[in-house]
Structures are given as structure tokens and as C-alpha cells.
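Just protein-v4.tsv here, TSV, C-alpha atoms:
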chain	number	residue	atom	x	y	z
A	11	MET	CA	0.00	0.00	0.00
A	12	SER	CA	1.54	3.30	-1.05
A	13	ALA	CA	2.12	6.16	1.34
A	14	PRO	CA	-0.72	8.70	1.35
A	15	ARG	CA	-0.54	12.29	0.22
A	16	GLU	CA	-0.24	14.82	3.03
A	17	GLY	CA	-3.65	15.40	4.58
A	18	PHE	CA	-4.99	11.98	3.63
A	19	THR	CA	-4.28	8.78	5.57
A	20	PRO	CA	-5.26	5.14	5.25
A	21	CYS	CA	-5.13	5.09	9.06
A	22	GLU	CA	-3.26	1.82	9.45
A	23	ALA	CA	-2.95	1.86	13.25
A	24	HIS	CA	-4.99	-0.84	14.93
A	25	ALA	CA	-6.56	-0.67	18.35
A	26	PRO	CA	-8.34	-3.64	19.96
A	27	HIS	CA	-12.09	-3.66	20.33
A	28	GLU	CA	-13.69	-2.85	23.65
A	29	PRO	CA	-15.79	-5.67	25.14
A	30	HIS	CA	-18.92	-3.98	23.78
A	31	THR	CA	-19.57	-3.39	20.09
A	32	PRO	CA	-18.22	0.09	19.31
A	33	ARG	CA	-20.57	2.62	17.74
A	34	VAL	CA	-19.97	4.34	14.44
A	35	LEU	CA	-21.94	6.74	12.27
A	36	CYS	CA	-22.54	6.12	8.56
A	37	VAL	CA	-23.54	8.88	6.13
A	38	VAL	CA	-24.55	7.31	2.83
A	39	GLY	CA	-26.56	8.04	-0.29
A	40	PRO	CA	-26.25	8.57	-4.02
A	41	THR	CA	-23.51	10.52	-5.69
A	42	ALA	CA	-23.88	14.33	-5.59
A	43	SER	CA	-26.37	14.20	-2.70
A	44	GLY	CA	-24.22	16.22	-0.27
A	45	LYS	CA	-22.75	13.42	1.86
A	46	THR	CA	-19.37	15.07	2.43
A	47	ALA	CA	-20.76	18.34	3.75
A	48	LEU	CA	-23.10	16.52	6.12
A	49	ALA	CA	-20.42	14.10	7.34
A	50	VAL	CA	-18.03	16.96	8.07
A	51	SER	CA	-20.72	18.91	9.92
A	52	LEU	CA	-21.68	15.86	11.99
A	53	ALA	CA	-18.03	15.11	12.75
A	54	LYS	CA	-17.62	18.65	14.07
A	55	ARG	CA	-20.68	18.33	16.29
A	56	LEU	CA	-20.02	14.80	17.53
A	57	GLY	CA	-16.23	14.81	17.80
A	58	GLY	CA	-15.55	12.55	14.85
A	59	GLU	CA	-13.23	11.86	11.96
A	60	VAL	CA	-14.37	10.89	8.48
A	61	ILE	CA	-13.60	7.54	6.86
A	62	SER	CA	-14.29	7.63	3.13
A	63	CYS	CA	-16.25	4.67	1.82
A	64	ASP	CA	-15.76	5.19	-1.90
A	65	SER	CA	-14.17	2.51	-4.06
A	66	MET	CA	-12.58	5.09	-6.39
A	67	GLN	CA	-11.47	7.84	-4.02
A	68	ILE	CA	-8.89	5.41	-2.64
A	69	TYR	CA	-6.81	5.92	-5.79
A	70	LYS	CA	-4.07	8.49	-5.99
A	71	GLU	CA	-4.15	10.88	-8.96
A	72	LEU	CA	-7.86	10.24	-9.65
A	73	SER	CA	-9.21	13.42	-8.09
A	74	ILE	CA	-11.59	15.42	-10.26
A	75	GLY	CA	-13.49	12.46	-11.66
A	76	THR	CA	-13.93	10.86	-8.24
A	77	ALA	CA	-15.03	14.13	-6.59
A	78	LYS	CA	-12.50	13.82	-3.79
A	79	PRO	CA	-13.15	16.34	-1.04
A	80	THR	CA	-10.88	19.36	-1.17
A	81	VAL	CA	-9.02	20.72	1.83
A	82	GLU	CA	-11.65	23.45	2.04
A	83	GLU	CA	-14.47	20.90	2.02
A	84	MET	CA	-12.78	18.83	4.74
A	85	ASP	CA	-12.82	21.98	6.87
A	86	GLY	CA	-10.21	20.78	9.34
A	87	ILE	CA	-11.77	17.34	9.91
A	88	PRO	CA	-9.32	14.45	9.33
A	89	HIS	CA	-10.32	12.28	6.37
A	90	HIS	CA	-9.07	8.73	5.96
A	91	MET	CA	-9.08	6.06	3.24
A	92	ILE	CA	-8.59	8.60	0.47
A	93	ASP	CA	-5.79	8.99	-2.05
A	94	PHE	CA	-3.44	6.21	-0.94
A	95	VAL	CA	-3.56	3.44	-3.57
A	96	ASP	CA	-1.69	3.48	-6.88
A	97	PRO	CA	-4.38	3.10	-9.58
A	98	ARG	CA	-2.20	0.52	-11.30
A	99	GLU	CA	-2.35	-1.73	-8.23
A	100	PRO	CA	-5.23	-4.07	-7.39
A	101	PHE	CA	-7.31	-3.19	-4.35
A	102	SER	CA	-10.29	-5.30	-3.36
A	103	CYS	CA	-13.24	-4.99	-1.04
A	104	ALA	CA	-11.39	-7.32	1.32
A	105	ASP	CA	-8.43	-4.92	1.30
A	106	TYR	CA	-10.79	-2.06	2.12
A	107	VAL	CA	-12.39	-3.92	5.02
A	108	ARG	CA	-9.03	-4.65	6.61
A	109	ALA	CA	-7.77	-1.07	6.27
A	110	ALA	CA	-11.04	0.64	7.20
A	111	THR	CA	-11.54	-1.58	10.26
A	112	ALA	CA	-8.06	-0.73	11.50
A	113	CYS	CA	-8.78	2.93	10.79
A	114	ALA	CA	-12.06	2.93	12.72
A	115	ASN	CA	-10.45	1.18	15.69
A	116	ASP	CA	-7.65	3.72	15.75
A	117	ILE	CA	-10.15	6.60	15.77
A	118	LEU	CA	-12.09	4.92	18.58
A	119	SER	CA	-8.92	4.38	20.58
A	120	ARG	CA	-8.40	8.15	20.56
A	121	GLY	CA	-11.88	8.79	21.91
A	122	LYS	CA	-13.24	9.98	18.57
A	123	LEU	CA	-16.26	8.89	16.55
A	124	PRO	CA	-15.67	7.16	13.20
A	125	VAL	CA	-17.96	8.74	10.59
A	126	PHE	CA	-18.11	6.58	7.48
A	127	CYS	CA	-19.06	8.62	4.42
A	128	GLY	CA	-19.61	7.36	0.91
A	129	GLY	CA	-21.72	5.57	-1.61
A	130	THR	CA	-20.02	2.18	-2.04
A	131	GLY	CA	-22.53	0.06	-0.17
A	132	LEU	CA	-20.68	-3.25	-0.48
A	133	TYR	CA	-17.56	-1.80	1.13
A	134	LEU	CA	-19.51	-0.25	3.98
A	135	ASP	CA	-21.73	-3.24	4.72
A	136	SER	CA	-18.76	-5.60	4.61
A	137	THR	CA	-16.84	-3.43	7.06
A	138	ILE	CA	-19.71	-3.08	9.52
A	139	ARG	CA	-20.35	-6.84	9.43
A	140	GLY	CA	-16.67	-7.67	9.61
A	141	THR	CA	-17.05	-9.89	6.55
A	142	VAL	CA	-14.40	-12.56	6.20
A	143	PHE	CA	-14.08	-12.91	2.46
A	144	SER	CA	-13.93	-16.14	0.57
A	145	ASP	CA	-10.39	-15.28	-0.49
A	146	ALA	CA	-9.40	-16.16	3.08
A	147	PRO	CA	-8.43	-19.68	1.96
A	148	ASP	CA	-4.85	-19.65	0.75
A	149	THR	CA	-4.26	-19.63	-2.97
A	150	ASP	CA	-2.93	-22.90	-4.34
A	151	SER	CA	-0.48	-21.87	-7.03
A	152	ASP	CA	-0.57	-25.26	-8.75
A	153	VAL	CA	-4.37	-25.32	-8.99
A	154	LEU	CA	-4.56	-21.72	-10.12
A	155	MET	CA	-1.82	-22.22	-12.71
A	156	ALA	CA	-3.63	-25.25	-14.10
A	157	LEU	CA	-6.85	-23.26	-14.40
A	158	LYS	CA	-5.04	-20.40	-16.11
A	159	GLU	CA	-3.43	-22.80	-18.56
A	160	GLU	CA	-6.83	-24.36	-19.29
A	161	TYR	CA	-8.29	-20.90	-19.85
A	162	ALA	CA	-5.45	-19.90	-22.19
A	163	ARG	CA	-5.86	-23.12	-24.14
A	164	ASP	CA	-9.63	-23.62	-24.25
A	165	GLY	CA	-11.24	-20.34	-23.18
A	166	ILE	CA	-13.62	-19.71	-20.31
A	167	ASP	CA	-16.66	-21.76	-21.34
A	168	GLY	CA	-15.52	-25.08	-19.91
A	169	ILE	CA	-14.26	-23.54	-16.68
A	170	TYR	CA	-17.46	-21.60	-16.22
A	171	ALA	CA	-19.50	-24.76	-16.82
A	172	ARG	CA	-17.51	-26.50	-14.07
A	173	LEU	CA	-18.21	-23.59	-11.74
A	174	CYS	CA	-21.93	-23.74	-12.56
A	175	GLU	CA	-21.94	-27.41	-11.52
A	176	ALA	CA	-19.77	-27.02	-8.40
A	177	ASP	CA	-21.08	-23.68	-7.15
A	178	PRO	CA	-24.22	-22.52	-8.98
A	179	ASP	CA	-24.81	-19.61	-6.59
A	180	SER	CA	-21.39	-18.10	-7.25
A	181	ALA	CA	-21.74	-18.75	-10.97
A	182	ALA	CA	-25.02	-16.84	-10.99
A	183	ALA	CA	-23.38	-13.89	-9.24
A	184	ILE	CA	-20.26	-13.74	-11.43
A	185	HIS	CA	-20.38	-12.79	-15.09
A	186	LYS	CA	-18.69	-15.36	-17.28
A	187	ASN	CA	-16.45	-12.70	-18.80
A	188	ASN	CA	-15.03	-11.79	-15.38
A	189	THR	CA	-12.37	-14.44	-15.80
A	190	LYS	CA	-10.36	-13.52	-12.70
A	191	ARG	CA	-13.34	-14.04	-10.38
A	192	VAL	CA	-14.49	-17.18	-12.22
A	193	LEU	CA	-11.06	-18.75	-11.88
A	194	ARG	CA	-10.82	-17.75	-8.22
A	195	ALA	CA	-14.27	-19.13	-7.38
A	196	LEU	CA	-13.50	-22.49	-8.97
A	197	GLU	CA	-10.06	-22.54	-7.36
A	198	ILE	CA	-11.64	-22.07	-3.90
A	199	TYR	CA	-13.88	-25.06	-4.49
A	200	LEU	CA	-11.08	-27.24	-5.82
A	201	VAL	CA	-8.70	-26.35	-2.98
A	202	THR	CA	-11.12	-26.41	-0.05
A	203	GLY	CA	-13.89	-28.69	-1.22
A	204	LYS	CA	-16.35	-25.99	-0.17
A	205	PRO	CA	-18.06	-23.58	-2.63
A	206	LYS	CA	-17.21	-19.90	-2.49
A	207	SER	CA	-20.90	-19.14	-1.86
A	208	VAL	CA	-20.75	-21.23	1.33
A	209	TRP	CA	-17.65	-19.38	2.50
A	210	ASP	CA	-19.49	-16.11	1.87
A	211	ALA	CA	-22.61	-17.23	3.73
A	212	GLU	CA	-20.58	-18.38	6.73
A	213	SER	CA	-18.79	-15.04	6.90
A	214	HIS	CA	-22.17	-13.31	7.36
A	215	LYS	CA	-23.21	-15.39	10.37
A	216	ALA	CA	-21.01	-13.57	12.86
A	217	PRO	CA	-22.46	-10.53	14.67
A	218	PRO	CA	-21.47	-7.10	13.30
A	219	VAL	CA	-18.17	-5.74	14.57
A	220	PHE	CA	-19.57	-2.19	14.72
A	221	ASP	CA	-22.84	-0.80	16.05
A	222	ALA	CA	-23.77	1.43	13.12
A	223	CYS	CA	-26.19	4.35	13.02
A	224	TYR	CA	-27.13	4.83	9.36
A	225	LEU	CA	-28.13	8.18	7.86
A	226	GLY	CA	-29.15	8.11	4.20
A	227	LEU	CA	-29.59	11.10	1.91
A	228	ASP	CA	-32.31	11.18	-0.74
A	229	PHE	CA	-34.63	13.72	-2.35
A	230	CYS	CA	-38.40	13.80	-2.35
A	231	ASP	CA	-38.15	15.34	-5.80
A	232	ARG	CA	-35.76	13.09	-7.72
A	233	SER	CA	-35.29	15.73	-10.42
A	234	ILE	CA	-33.33	17.78	-7.87
A	235	LEU	CA	-30.80	14.98	-7.56
A	236	HIS	CA	-30.54	14.72	-11.34
A	237	ASP	CA	-29.93	18.46	-11.57
A	238	ARG	CA	-27.21	18.19	-8.91
A	239	ILE	CA	-25.58	15.36	-10.87
A	240	ASN	CA	-25.65	17.36	-14.10
A	241	ARG	CA	-24.16	20.38	-12.34
A	242	ARG	CA	-21.43	18.25	-10.80
A	243	VAL	CA	-20.48	16.85	-14.21
A	244	SER	CA	-20.34	20.38	-15.64
A	245	LEU	CA	-18.13	21.51	-12.76
A	246	MET	CA	-15.84	18.53	-13.31
A	247	LEU	CA	-15.49	19.37	-16.98
A	248	ASP	CA	-14.85	23.04	-16.21
A	249	GLY	CA	-12.39	21.99	-13.53
A	250	GLY	CA	-10.18	20.04	-15.92
A	251	LEU	CA	-11.50	16.48	-15.92
A	252	LEU	CA	-10.52	15.88	-19.54
A	253	ASP	CA	-6.97	17.09	-18.88
A	254	GLU	CA	-6.79	14.81	-15.83
A	255	VAL	CA	-7.84	11.80	-17.91
A	256	LYS	CA	-5.34	12.70	-20.63
A	257	ARG	CA	-2.53	13.01	-18.10
A	258	LEU	CA	-3.36	9.74	-16.36
A	259	TYR	CA	-3.76	7.86	-19.64
A	260	ALA	CA	-0.48	9.18	-21.01
A	261	GLY	CA	1.27	8.32	-17.76
A	262	GLY	CA	0.07	4.73	-17.77
A	263	TYR	CA	-2.14	5.17	-14.69
A	264	LEU	CA	-5.25	3.83	-16.44
A	265	PRO	CA	-4.13	0.52	-17.94
A	266	ASP	CA	-6.68	-1.48	-19.88
A	267	GLY	CA	-8.59	-3.83	-17.62
A	268	SER	CA	-7.74	-1.99	-14.40
A	269	THR	CA	-10.46	-1.02	-11.95
A	270	ALA	CA	-9.48	2.64	-12.20
A	271	ALA	CA	-9.93	2.63	-15.98
A	272	GLN	CA	-13.52	1.46	-15.49
A	273	ALA	CA	-14.40	4.27	-13.09
A	274	ILE	CA	-17.28	6.54	-14.06
A	275	GLY	CA	-15.77	9.78	-15.26
A	276	TYR	CA	-12.72	8.09	-16.74
A	277	LYS	CA	-13.95	5.28	-18.97
A	278	GLU	CA	-16.19	7.68	-20.90
A	279	PHE	CA	-13.31	10.02	-21.76
A	280	LEU	CA	-10.93	7.17	-22.46
A	281	ALA	CA	-13.38	6.21	-25.19
A	282	TYR	CA	-13.16	9.78	-26.49
A	283	LEU	CA	-9.35	9.70	-26.45
A	284	ARG	CA	-9.41	6.45	-28.41
A	285	GLY	CA	-11.59	8.13	-31.02
A	286	GLU	CA	-14.64	6.00	-30.26
A	287	MET	CA	-16.99	8.93	-29.60
A	288	THR	CA	-17.15	12.70	-29.68
A	289	LEU	CA	-16.42	14.86	-26.64
A	290	ASP	CA	-20.08	15.87	-26.37
A	291	ASP	CA	-21.13	12.23	-26.52
A	292	ALA	CA	-18.62	11.34	-23.81
A	293	ALA	CA	-19.93	14.12	-21.55
A	294	GLU	CA	-23.53	13.06	-22.06
A	295	ARG	CA	-22.64	9.42	-21.47
A	296	LEU	CA	-20.99	10.47	-18.21
A	297	ARG	CA	-24.15	12.28	-17.08
A	298	ALA	CA	-26.30	9.26	-17.92
A	299	ALA	CA	-23.92	6.80	-16.27
A	300	THR	CA	-23.82	8.90	-13.12
A	301	ARG	CA	-27.61	9.07	-12.92
A	302	GLN	CA	-27.81	5.30	-13.39
A	303	TYR	CA	-25.17	4.79	-10.71
A	304	ALA	CA	-27.11	6.99	-8.29
A	305	LYS	CA	-30.19	4.85	-8.88
A	306	ARG	CA	-28.23	1.68	-8.12
A	307	GLN	CA	-26.84	3.23	-4.95
A	308	LEU	CA	-30.32	4.12	-3.71
A	309	THR	CA	-31.55	0.62	-4.49
A	310	TRP	CA	-28.70	-0.84	-2.44
A	311	PHE	CA	-29.18	1.41	0.58
A	312	ARG	CA	-32.96	1.07	0.59
A	313	ARG	CA	-32.50	-2.61	1.40
A	314	ASN	CA	-31.13	-1.63	4.80
A	315	PRO	CA	-34.03	-1.62	7.33
A	316	ALA	CA	-31.88	0.31	9.84
A	317	MET	CA	-31.49	3.31	7.52
A	318	HIS	CA	-32.73	6.72	8.70
A	319	TRP	CA	-33.54	8.76	5.59
A	320	LEU	CA	-32.92	12.50	5.46
A	321	TYR	CA	-34.28	14.73	2.68
A	322	PRO	CA	-32.37	17.94	1.88
A	323	ASP	CA	-35.23	19.31	-0.18
A	324	THR	CA	-37.48	19.39	2.90
A	325	ALA	CA	-35.36	22.06	4.62
A	326	PRO	CA	-37.51	25.10	5.50
A	327	ALA	CA	-36.97	28.25	3.45
A	328	GLY	CA	-34.23	30.43	4.86
A	329	VAL	CA	-32.65	27.58	6.84
A	330	ASP	CA	-29.18	26.31	5.90
A	331	THR	CA	-29.67	22.80	4.48
A	332	VAL	CA	-26.55	21.29	6.06
A	333	ASP	CA	-27.45	22.74	9.47
A	334	TYR	CA	-30.98	21.40	9.10
A	335	LEU	CA	-29.73	17.90	8.24
A	336	THR	CA	-27.08	18.01	10.96
A	337	GLU	CA	-29.67	18.72	13.63
A	338	GLN	CA	-31.75	15.78	12.42
A	339	GLY	CA	-28.71	13.54	12.24
A	340	CYS	CA	-27.56	14.42	15.75
A	341	ARG	CA	-31.00	13.71	17.18
A	342	ILE	CA	-31.12	10.34	15.45
A	343	PHE	CA	-27.59	9.41	16.55
A	344	ASN	CA	-28.08	10.52	20.14
A	345	GLY	CA	-31.46	8.84	20.28
A	346	ALA	CA	-29.93	5.63	19.03
A	347	ALA	CA	-27.28	5.92	21.74
A	348	GLU	CA	-29.84	5.99	24.53

Using the file provided, produce a representation of the structure as C-alpha cells.
Amino acid sequence: MSAPREGFTPCEAHAPHEPHTPRVLCVVGPTASGKTALAVSLAKRLGGEVISCDSMQIYKELSIGTAKPTVEEMDGIPHHMIDFVDPREPFSCADYVRAATACANDILSRGKLPVFCGGTGLYLDSTIRGTVFSDAPDTDSDVLMALKEEYARDGIDGIYARLCEADPDSAAAIHKNNTKRVLRALEIYLVTGKPKSVWDAESHKAPPVFDACYLGLDFCDRSILHDRINRRVSLMLDGGLLDEVKRLYAGGYLPDGSTAAQAIGYKEFLAYLRGEMTLDDAAERLRAATRQYAKRQLTWFRRNPAMHWLYPDTAPAGVDTVDYLTEQGCRIFNGAAE
């Protein structure tokens, strides 16, 4: 894991849990909903530090397209799990859980409140649950090499068919073209004799490692969120997003097949740089992809029965929206603490 830029830390210190389940606050919602401003305000009021829960803000150099908070937006509140991974390096949900858990425990050990903030629901839920991922079984280099040789020789169809027979649940959850995950799922079965889906299910049986209070942002009028998304994309473009993509692409920071190269805000303009679409088409595709992503985020978070929903567009006229939401959030958090 690369060293972070000044002002951003992965927070690698680890403090042991107290006998009780430690409490944390989670500020979630769709992109462009105002999560950062609310998380910072709540951290100020409740004595907290922010832990980013965004699968793309972890990457160094990817700043404009991932909407990383600026120093001004952080407003003196320490932010962690931002800007510390080389975009050319792999970084999984399991990696995030390990680092974010250590980070939260360090914050707790200093008498502060961890405030998770972001829209990557899988990362957050896995951290709160303390998910032990199915990649916990050791890799068997001989088995994996044999699978890779079979794939190079015969393609993925036969391997995927074997996975469908051995572990139909995992096969249903993994696209056949995601060869890395297909190979890994079949390897787990061949090495351990137990399907990956069973490993996953067993990891969810343990009680959560954190007592989470969830605050979710949404809008009664969905068109307001869409307008915010469109404005954010325009600000990104005006702020130099295209130049950022050009620089990263030229510098080899967005290699084909990497997670970073598939990030919304980058893949659209990579297509433009390759001559596959016009600049206007790339910008419009970015707006559409961001709206679709926001919808998926809301679908994910709405499955959580413990979510307390806050609506910025219900703030009374003349009242600062962040202050209005902060008051609601504090009441919910303090009420949950009683």
C-alpha cells in the first residue's frame, strides 16, 4: 500500500475492540447528494473523523473524476481512506475492510467517533459486518496455474460450466467474462472442497463488529438529484477532468482492464481519447452513467431496514440545508445511543 498524500491517511494503526460493540456513524446516499458536507458537519458536532467509503477515491491521482473532497471541504476534519492506492495496483473490497476496520479502531482508541461517508454500499456493509471474504483460503499456485493454462488453451466456457456445476450460486453472481473471479471461485472449491458461496454465507453469520447508526440522503423530488448530478459533471469538466484523464492515460495510470480505468468519469473520456466517440457524446454518457449509478446506490441502501432517511429538499426556506440535516442527524444518533 503506497504512502498517502499529506492530509490523507489510510489510518493503518490498529486498536483492539472494547468488550462492547463500538458505535460508528454512517452517512450514505447517491452521488452528488451532499454526503461530504453533512459528514463533516456531523463530525464537528459529535467529535468525529471521516472515513471515506468510496471505491474510487482510494486511488491516488484520480481526483476530479472521483469528486475527492478538497481541503476546504474537509474543513479541518481528518479524512481517511482517500488517495493512498496506486491506480495501477489491485485493491479489493477485502483490502478495504481490513484497512477501514483498523482505521475505525484507531479513531475509537483516541476517543473519537468514526464517521463513514460514501456511496459504495458493499464496502460499507462488509466493514460493519466484519465480513471474512472467501479469499481467506490460501491460494494454491498449482491449482490456479492449471486453471489459467486451461483458460489460455480452451477459453472460459468449460471452466465456467464446471463452476456452474460445483457452485451454482457463485456462478449466478459472477459474469462469465469476469475471468479472474471465475477462476478464483473455482479454485476455492477445488482447494477447499467448499463452494465460495458457502464461505461467503458463513462469513455473514457472525455478529457485526460495529454498532452502526445509518443516515441516508435522498430527495423527495428526484429531479433535484438529477440536476445536482448534471451540475457536478459540468463543474468537473470546467475543472479540468478531460486534462486529468489525458494526463493519467499518457502516464500509464489507467491501464486497460484496471479497476481505475472502469471508473465513471474516466472510462467515458478514455473512449473519447481512443476516437470512439465525440467529446459531447462522452460528456452526455458520463451524465447518464452517473444518474444510473445513483439509482443503483439508492436501491442498495434502501434494502437496509436500519437506515434513517434525510431529505435535503425538505429544509424550510431560509434555513441552511446542512445545518438542518445536521440537527436531524444528531437527534437520530443521540437517540440511538440511549

Exercise for the section: Between atom CA of A:Ala114 and atom CA of A:Val219, measure the distance and give it in Å to one decimal. Expected result: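 Atom-to-atom, atom CA of A:Ala114 to atom CA of A:Val219, that is 10.8 Å.
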
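Residue nearest A:Asp323, chosen from A:Leu283, A:Met246, A:Ala299, A:Leu235 and counting only C-alpha atoms: A:Leu235.
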
Exercise for the section: Please return, as a list in words, all polymer residues that have at least one atom within 8 Å of the point (-21.9, -14.5, -6.0); use all atoms listed in the file and the file's own coordinate frame. Expected result: Asp179, Ser180, Ala181, Ala182, Ala183, Ile184, Lys206 and Ser207 of chain A

Contacts of stretch 82-183 of chain A with stretch 65-69 of chain A up to 8 Å, shortest pair per row, all atoms listed in the file, as a Markdown table:
| residue | atom | partner | partner_atom | distance |
| --- | --- | --- | --- | --- |
| A:Met91 | CA | A:Ile68 | CA | 5.9 |
| A:Ile92 | CA | A:Ile68 | CA | 4.5 |
| A:Asp93 | CA | A:Ile68 | CA | 4.8 |
| A:Phe94 | CA | A:Ile68 | CA | 5.8 |
| A:Val95 | CA | A:Tyr69 | CA | 4.7 |
| A:Asp96 | CA | A:Tyr69 | CA | 5.8 |
| A:Pro97 | CA | A:Tyr69 | CA | 5.3 |
| A:Thr130 | CA | A:Ser65 | CA | 6.2 |
| A:Tyr133 | CA | A:Ser65 | CA | 7.6 |

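Distance annotation: of A:Trp319, A:Phe101, A:Tyr161, A:Tyr224, the residue with the minimal separation from A:Leu193 is A:Tyr161; atom set is all atoms listed in the file.
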
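Considering the residues A:Cys223, A:Ile61, A:Leu320, A:Met287 and counting only C-alpha atoms, A:Tyr334 has its shortest atom-to-atom contact with A:Leu320.
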
Exercise for the section: For atom CA of A:Glu197 and atom CA of A:Thr137, determine how far apart the two atoms are, in Å to one decimal place. Expected result: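 We find that atom CA of A:Glu197 and atom CA of A:Thr137 lie 24.9 Å from each other.
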
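Nearest residue to A:Glu71, choosing from A:Asn344, A:Asp152, A:Leu251, A:Tyr199 and counting only C-alpha atoms: A:Leu251.
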
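With only C-alpha atoms as the atoms that count, the residue of A:Thr31, A:Ser51, A:Thr41, A:Thr202 with the shortest distance to A:Leu335 is A:Ser51.
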
Selection: 9 Å around A:Arg108, all atoms listed in the file, excl. self and same-chain fewer than 4 positions, as a PDB file with C-alpha atoms, in the coordinates of the input:
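Contents of result.pdb, freshly written:
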ATOM      1  CA  CYS A 103     -13.240  -4.990  -1.040  1.00  0.00           C
ATOM      2  CA  ALA A 104     -11.390  -7.320   1.320  1.00  0.00           C
ATOM      3  CA  ALA A 112      -8.060  -0.730  11.500  1.00  0.00           C
ATOM      4  CA  CYS A 113      -8.780   2.930  10.790  1.00  0.00           C
ATOM      5  CA  THR A 137     -16.840  -3.430   7.060  1.00  0.00           C
ATOM      6  CA  GLY A 140     -16.670  -7.670   9.610  1.00  0.00           C
TER       7      GLY A 140
END

Exercise for the section: Rounded to one decimal place, report the atom CA of A:Arg33-atom CA of A:Phe220 distance in Å. Expected result: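 Between atom CA of A:Arg33 and atom CA of A:Phe220 the gap is 5.8 Å.
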
Handout entry: Which of A:Lys45, A:Asp221, A:Tyr170, A:Gly250 sits closest to A:His30 [using only C-alpha atoms]
Key =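 The closest residue to A:His30 is A:Asp221.
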
As a tab-separated table (two decimals), in the coordinates of the input, please: stretch 318-338 of chain A completed to N, CA and C atoms.
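The resulting file, out_3.tsv, is shown below:
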chain	number	residue	atom	x	y	z
A	318	HIS	N	-31.92	5.53	8.41
A	318	HIS	CA	-32.73	6.72	8.70
A	318	HIS	C	-32.56	7.67	7.51
A	319	TRP	N	-33.64	7.94	6.80
A	319	TRP	CA	-33.54	8.76	5.59
A	319	TRP	C	-33.73	10.23	5.91
A	320	LEU	N	-32.86	11.05	5.33
A	320	LEU	CA	-32.92	12.50	5.46
A	320	LEU	C	-33.12	13.10	4.06
A	321	TYR	N	-33.92	14.16	3.98
A	321	TYR	CA	-34.28	14.73	2.68
A	321	TYR	C	-33.90	16.21	2.63
A	322	PRO	N	-32.81	16.53	1.94
A	322	PRO	CA	-32.37	17.94	1.88
A	322	PRO	C	-33.42	18.89	1.33
A	323	ASP	N	-34.26	18.40	0.43
A	323	ASP	CA	-35.23	19.31	-0.18
A	323	ASP	C	-36.45	19.57	0.71
A	324	THR	N	-36.40	19.06	1.96
A	324	THR	CA	-37.48	19.39	2.90
A	324	THR	C	-37.04	20.48	3.89
A	325	ALA	N	-35.83	21.00	3.72
A	325	ALA	CA	-35.36	22.06	4.62
A	325	ALA	C	-36.25	23.30	4.47
A	326	PRO	N	-36.66	23.90	5.58
A	326	PRO	CA	-37.51	25.10	5.50
A	326	PRO	C	-36.79	26.25	4.79
A	327	ALA	N	-37.55	27.09	4.14
A	327	ALA	CA	-36.97	28.25	3.45
A	327	ALA	C	-36.20	29.12	4.45
A	328	GLY	N	-35.04	29.56	4.02
A	328	GLY	CA	-34.23	30.43	4.86
A	328	GLY	C	-33.36	29.70	5.86
A	329	VAL	N	-33.45	28.37	5.92
A	329	VAL	CA	-32.65	27.58	6.84
A	329	VAL	C	-31.54	26.89	6.06
A	330	ASP	N	-30.30	26.97	6.56
A	330	ASP	CA	-29.18	26.31	5.90
A	330	ASP	C	-29.43	24.80	5.85
A	331	THR	N	-29.33	24.22	4.65
A	331	THR	CA	-29.67	22.80	4.48
A	331	THR	C	-28.77	21.90	5.30
A	332	VAL	N	-27.47	22.16	5.31
A	332	VAL	CA	-26.55	21.29	6.06
A	332	VAL	C	-26.84	21.38	7.56
A	333	ASP	N	-27.10	22.59	8.05
A	333	ASP	CA	-27.45	22.74	9.47
A	333	ASP	C	-28.73	21.98	9.80
A	334	TYR	N	-29.69	22.08	8.92
A	334	TYR	CA	-30.98	21.40	9.10
A	334	TYR	C	-30.78	19.89	9.18
A	335	LEU	N	-29.99	19.33	8.26
A	335	LEU	CA	-29.73	17.90	8.24
A	335	LEU	C	-28.88	17.47	9.43
A	336	THR	N	-27.94	18.33	9.82
A	336	THR	CA	-27.08	18.01	10.96
A	336	THR	C	-27.88	17.88	12.24
A	337	GLU	N	-28.82	18.79	12.43
A	337	GLU	CA	-29.67	18.72	13.63
A	337	GLU	C	-30.45	17.41	13.64
A	338	GLN	N	-31.01	17.04	12.49
A	338	GLN	CA	-31.75	15.78	12.42
A	338	GLN	C	-30.83	14.60	12.69
